[in-house]
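Here the structure is laid out as structure tokens; the discussion comes afterwards.
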There are 2 protein chains.
Amino acid sequence: MDAKATRSNSRNDALLDAAAELFAAQGFKATSMRDIAKAVGMLPGSIYYHFASKDDLLLAIYEAGVDQITATFAAAIAPLDDPWLRLEAGMAALIRAITDASSTTSVIFKVEPSDVPKYEAELIAFRDKFEALFRTLVDELPLHAWVDPHLLRLMLLGAANHAQLWYSPKGRFAADEIGQHFARLVQAPIGR
Amino acid sequence: MDAKATRSNSRNDALLDAAAELFAAQGFKATSMRDIAKAVGMLPGSIYYHFASKDDLLLAIYEAGVDQITATFAAAIAPLDDPWLRLEAGMAALIRAITDASSTTSVIFKVEPSDVPKYEAELIAFRDKFEALFRTLVDELPLHAWVDPHLLRLMLLGAANHAQLWYSPKGRFAADEIGQHFARLVQAPIGR
DNA sequence: CTATTAAACAAACACTTGTTTGTTTAGTCA
DNA sequence: TGACTAAACAAACAAGTGTTTGTTTAATAG
């Protein structure tokens, strides 16, 4: 272990973690550099030794978040063969990532790329990396001809995204169960 | 017609309309009083003759928006009897309202009550007025026992809400068709 | 015509924003 | 020990925020 790098990385990671938690909770614009500085116990200006700008800070979070969610998502669906079971597992993993306030993954779904004009293209590219994974999950479903896979994907993604506004760990359902339930609502006939 | 009132109301309405369009397009915090002033052609300070604060301006928009969407929504489902057809019509009306950028109704779904701490409770109350209407629509559906109406409602609402981020009038589907499609995705078996 | 008021302007207010600068402290390495 | 550098501090900067104030214009009503 390199002592210098370790200490440096630990402060660097502390910044990333604190910023991610604040961005996820309050949004990008609503979080000030002073908020972040206070969270890690340093002065606002000191952050600029580690990151060139607030925008760059978000970019780093986004990248880490996408890497993490793609890995989690892929791992969740990998052991399953049935397309519908894979969708259920994928949705469960997705809702988990979105509603985990202490994770960098939730930032991806909370902060819109348009909030950061400087890196809008890069952020969209990061998002696409995950959404491509999700798209394949939907595209492998055996669907009736009248179903539009594009709209189905957007519906599931929208429902998941929205969970971040109402989900509570104290609620009646766990994040996993919500994701699984959503997948089943579009899978099976729900009326009688 | 009262000339004085007419002129006064026209300026007042112009402010409401311009602010609503900007709030819907950019969000509440991202829209400045200077933006709104420029849109109606007056100086920032002049707005305060008509509205006491930026928060009050939003409150007025929210109230008008809720009145409008509840009326539109109720009118859309009123002539129908079948619960599933009522859901389709309701979802169509909802997506229409959410994606209509020139309407005050979209503000309700774009601006989160937490963005305006001073009136958070009031804004939530306004939202609830509409969501109660939507809740009855879901609650009258004949559902299998395994289906949770609560989660079904949140899924539909989330999918609709999300449409504001990706909907384009130049897209493959009209707002109506999207709403109807969403309703059918949870209604009929979509796999084969 | 005159008194009143609606409606706007022009300018500043106090505050917050992201960021920059110059300096100091503490630890590393030859 | 002495040179170097990582890492932070303290303080200010320019720009933008919502809002307030005093004043002017223009229309209305008695």
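In the structure tokens, chains take letters A, B, ... by order of appearance, with residues numbered from 1 within each chain and ligands from 1 in the order shown.
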Applying 12 Å and only C-alpha atoms (C1' of nucleotides), which residues near DT23 in chain C remain after dropping the ones on its own chain fewer than 5 positions away? List them as a PDB file with C-alpha atoms (C1' of nucleotides), in the first residue's frame.
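Everything below was put into out13.pdb:
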```pdb
ATOM      1  C1'  DA D   8      -5.320  22.618   3.137  1.00  0.00           C
ATOM      2  C1'  DC D   9      -6.700  27.557   4.803  1.00  0.00           C
ATOM      3  C1'  DA D  10      -8.329  32.485   4.520  1.00  0.00           C
ATOM      4  C1'  DA D  11     -10.051  35.846   1.825  1.00  0.00           C
TER       5       DA D  11
END
```
Residues of chain C within 10 Å of chain B, counting only C-alpha atoms (C1' of nucleotides) - could you list those as JSON, numbers by chain? {"C": [6, 7, 8, 9, 10]}
Take the residues just selected and output them with C-alpha atoms (C1' of nucleotides) as a compact mmCIF listing (two decimals), in the first residue's frame.
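Written file, again29.txt:
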```
# COMPACT_ATOMS: atom_id res chain seq x y z
C1' DA C 6 -52.58 51.43 -11.91
C1' DA C 7 -48.34 50.04 -13.86
C1' DA C 8 -44.16 50.38 -14.98
C1' DC C 9 -39.07 52.01 -14.73
C1' DA C 10 -34.29 52.60 -12.82
```
Neighbours of chain D in chain B at 9 Å, counting only C-alpha atoms (C1' of nucleotides), as JSON, numbers by chain: {"B": [4, 32, 33, 45, 48, 53, 54]}
Please, which residues of chain A lie no more than 10 Å from chain B when the count uses only C-alpha atoms, and can they be set out as a PyMOL selection string? chain A and resi 26+29-30+84+112+114-115+141-148+151-166+173+178-179+181-192
Close residues, Leu22 in chain B itself excluded, 9 Å, only C-alpha atoms (C1' of nucleotides), min 4 positions apart in chain, as a PyMOL selection string: chain B and resi 17-18+26-28+30-31+35-36+39+101
Keeping only N, CA, C and O atoms, write those residues as a PDB file, in the first residue's frame.
```pdb
ATOM      1  N   ASP B  17     -48.657  32.918 -17.937  1.00  0.00           N
ATOM      2  CA  ASP B  17     -48.351  32.061 -19.085  1.00  0.00           C
ATOM      3  C   ASP B  17     -46.849  31.977 -19.344  1.00  0.00           C
ATOM      4  O   ASP B  17     -46.301  30.889 -19.546  1.00  0.00           O
ATOM      5  N   ALA B  18     -46.205  33.125 -19.332  1.00  0.00           N
ATOM      6  CA  ALA B  18     -44.767  33.150 -19.612  1.00  0.00           C
ATOM      7  C   ALA B  18     -43.994  32.391 -18.537  1.00  0.00           C
ATOM      8  O   ALA B  18     -43.093  31.591 -18.833  1.00  0.00           O
ATOM      9  N   GLN B  26     -37.560  24.857 -18.072  1.00  0.00           N
ATOM     10  CA  GLN B  26     -36.250  24.891 -17.416  1.00  0.00           C
ATOM     11  C   GLN B  26     -36.286  24.509 -15.952  1.00  0.00           C
ATOM     12  O   GLN B  26     -35.230  24.366 -15.327  1.00  0.00           O
ATOM     13  N   GLY B  27     -37.476  24.409 -15.392  1.00  0.00           N
ATOM     14  CA  GLY B  27     -37.588  24.184 -13.953  1.00  0.00           C
ATOM     15  C   GLY B  27     -37.740  25.484 -13.200  1.00  0.00           C
ATOM     16  O   GLY B  27     -37.520  26.565 -13.757  1.00  0.00           O
ATOM     17  N   PHE B  28     -38.112  25.367 -11.944  1.00  0.00           N
ATOM     18  CA  PHE B  28     -38.409  26.552 -11.134  1.00  0.00           C
ATOM     19  C   PHE B  28     -37.143  27.323 -10.762  1.00  0.00           C
ATOM     20  O   PHE B  28     -37.036  28.519 -11.007  1.00  0.00           O
ATOM     21  N   ALA B  30     -34.184  27.144 -12.006  1.00  0.00           N
ATOM     22  CA  ALA B  30     -33.365  27.546 -13.147  1.00  0.00           C
ATOM     23  C   ALA B  30     -33.959  28.743 -13.878  1.00  0.00           C
ATOM     24  O   ALA B  30     -33.318  29.326 -14.741  1.00  0.00           O
ATOM     25  N   THR B  31     -35.182  29.096 -13.547  1.00  0.00           N
ATOM     26  CA  THR B  31     -35.820  30.249 -14.174  1.00  0.00           C
ATOM     27  C   THR B  31     -35.742  31.451 -13.246  1.00  0.00           C
ATOM     28  O   THR B  31     -36.182  31.385 -12.099  1.00  0.00           O
ATOM     29  N   ASP B  35     -35.620  36.343 -16.377  1.00  0.00           N
ATOM     30  CA  ASP B  35     -36.085  35.576 -17.542  1.00  0.00           C
ATOM     31  C   ASP B  35     -37.558  35.857 -17.814  1.00  0.00           C
ATOM     32  O   ASP B  35     -37.972  36.113 -18.945  1.00  0.00           O
ATOM     33  N   ILE B  36     -38.336  35.785 -16.741  1.00  0.00           N
ATOM     34  CA  ILE B  36     -39.786  35.981 -16.872  1.00  0.00           C
ATOM     35  C   ILE B  36     -40.088  37.399 -17.334  1.00  0.00           C
ATOM     36  O   ILE B  36     -40.919  37.622 -18.216  1.00  0.00           O
ATOM     37  N   ALA B  39     -39.464  37.848 -20.934  1.00  0.00           N
ATOM     38  CA  ALA B  39     -40.454  37.152 -21.764  1.00  0.00           C
ATOM     39  C   ALA B  39     -41.728  37.974 -21.949  1.00  0.00           C
ATOM     40  O   ALA B  39     -42.372  37.906 -22.994  1.00  0.00           O
ATOM     41  N   ALA B 101     -45.988  21.667 -23.569  1.00  0.00           N
ATOM     42  CA  ALA B 101     -45.049  22.621 -22.979  1.00  0.00           C
ATOM     43  C   ALA B 101     -45.651  24.015 -22.829  1.00  0.00           C
ATOM     44  O   ALA B 101     -45.196  24.808 -22.016  1.00  0.00           O
TER      45      ALA B 101
END
```
Residue neighbourhood range 87-89 of chain B, 7 Å, only C-alpha atoms (C1' of nucleotides), exclusion window fewer than 4 positions, as an mmCIF file with N, CA and C atoms, in the first residue's frame:
```
data_model
loop_
_atom_site.group_PDB
_atom_site.id
_atom_site.type_symbol
_atom_site.label_atom_id
_atom_site.label_comp_id
_atom_site.auth_asym_id
_atom_site.auth_seq_id
_atom_site.Cartn_x
_atom_site.Cartn_y
_atom_site.Cartn_z
ATOM 1 N N ALA B 76 -62.448 13.589 -19.865
ATOM 2 C CA ALA B 76 -61.984 12.527 -20.754
ATOM 3 C C ALA B 76 -62.530 11.157 -20.357
ATOM 4 N N ILE B 77 -62.688 10.935 -19.078
ATOM 5 C CA ILE B 77 -63.119 9.609 -18.624
ATOM 6 C C ILE B 77 -64.625 9.533 -18.376
ATOM 7 N N PRO B 83 -63.937 0.174 -17.013
ATOM 8 C CA PRO B 83 -62.790 0.642 -16.220
ATOM 9 C C PRO B 83 -61.493 0.718 -17.018
ATOM 10 N N ALA B 93 -55.121 11.504 -21.590
ATOM 11 C CA ALA B 93 -55.284 12.903 -21.179
ATOM 12 C C ALA B 93 -54.107 13.351 -20.327
ATOM 13 N N LEU B 137 -59.534 6.021 -10.432
ATOM 14 C CA LEU B 137 -59.502 5.353 -11.730
ATOM 15 C C LEU B 137 -58.844 3.975 -11.613
ATOM 16 N N GLY B 179 -50.167 7.400 -24.017
ATOM 17 C CA GLY B 179 -50.963 7.137 -22.819
ATOM 18 C C GLY B 179 -51.792 5.873 -22.956
ATOM 19 N N GLN B 180 -52.423 5.732 -24.107
ATOM 20 C CA GLN B 180 -53.246 4.549 -24.355
ATOM 21 C C GLN B 180 -52.398 3.274 -24.337
ATOM 22 N N ALA B 183 -51.438 2.213 -20.854
ATOM 23 C CA ALA B 183 -52.569 1.584 -20.161
ATOM 24 C C ALA B 183 -52.750 0.142 -20.617
#
```
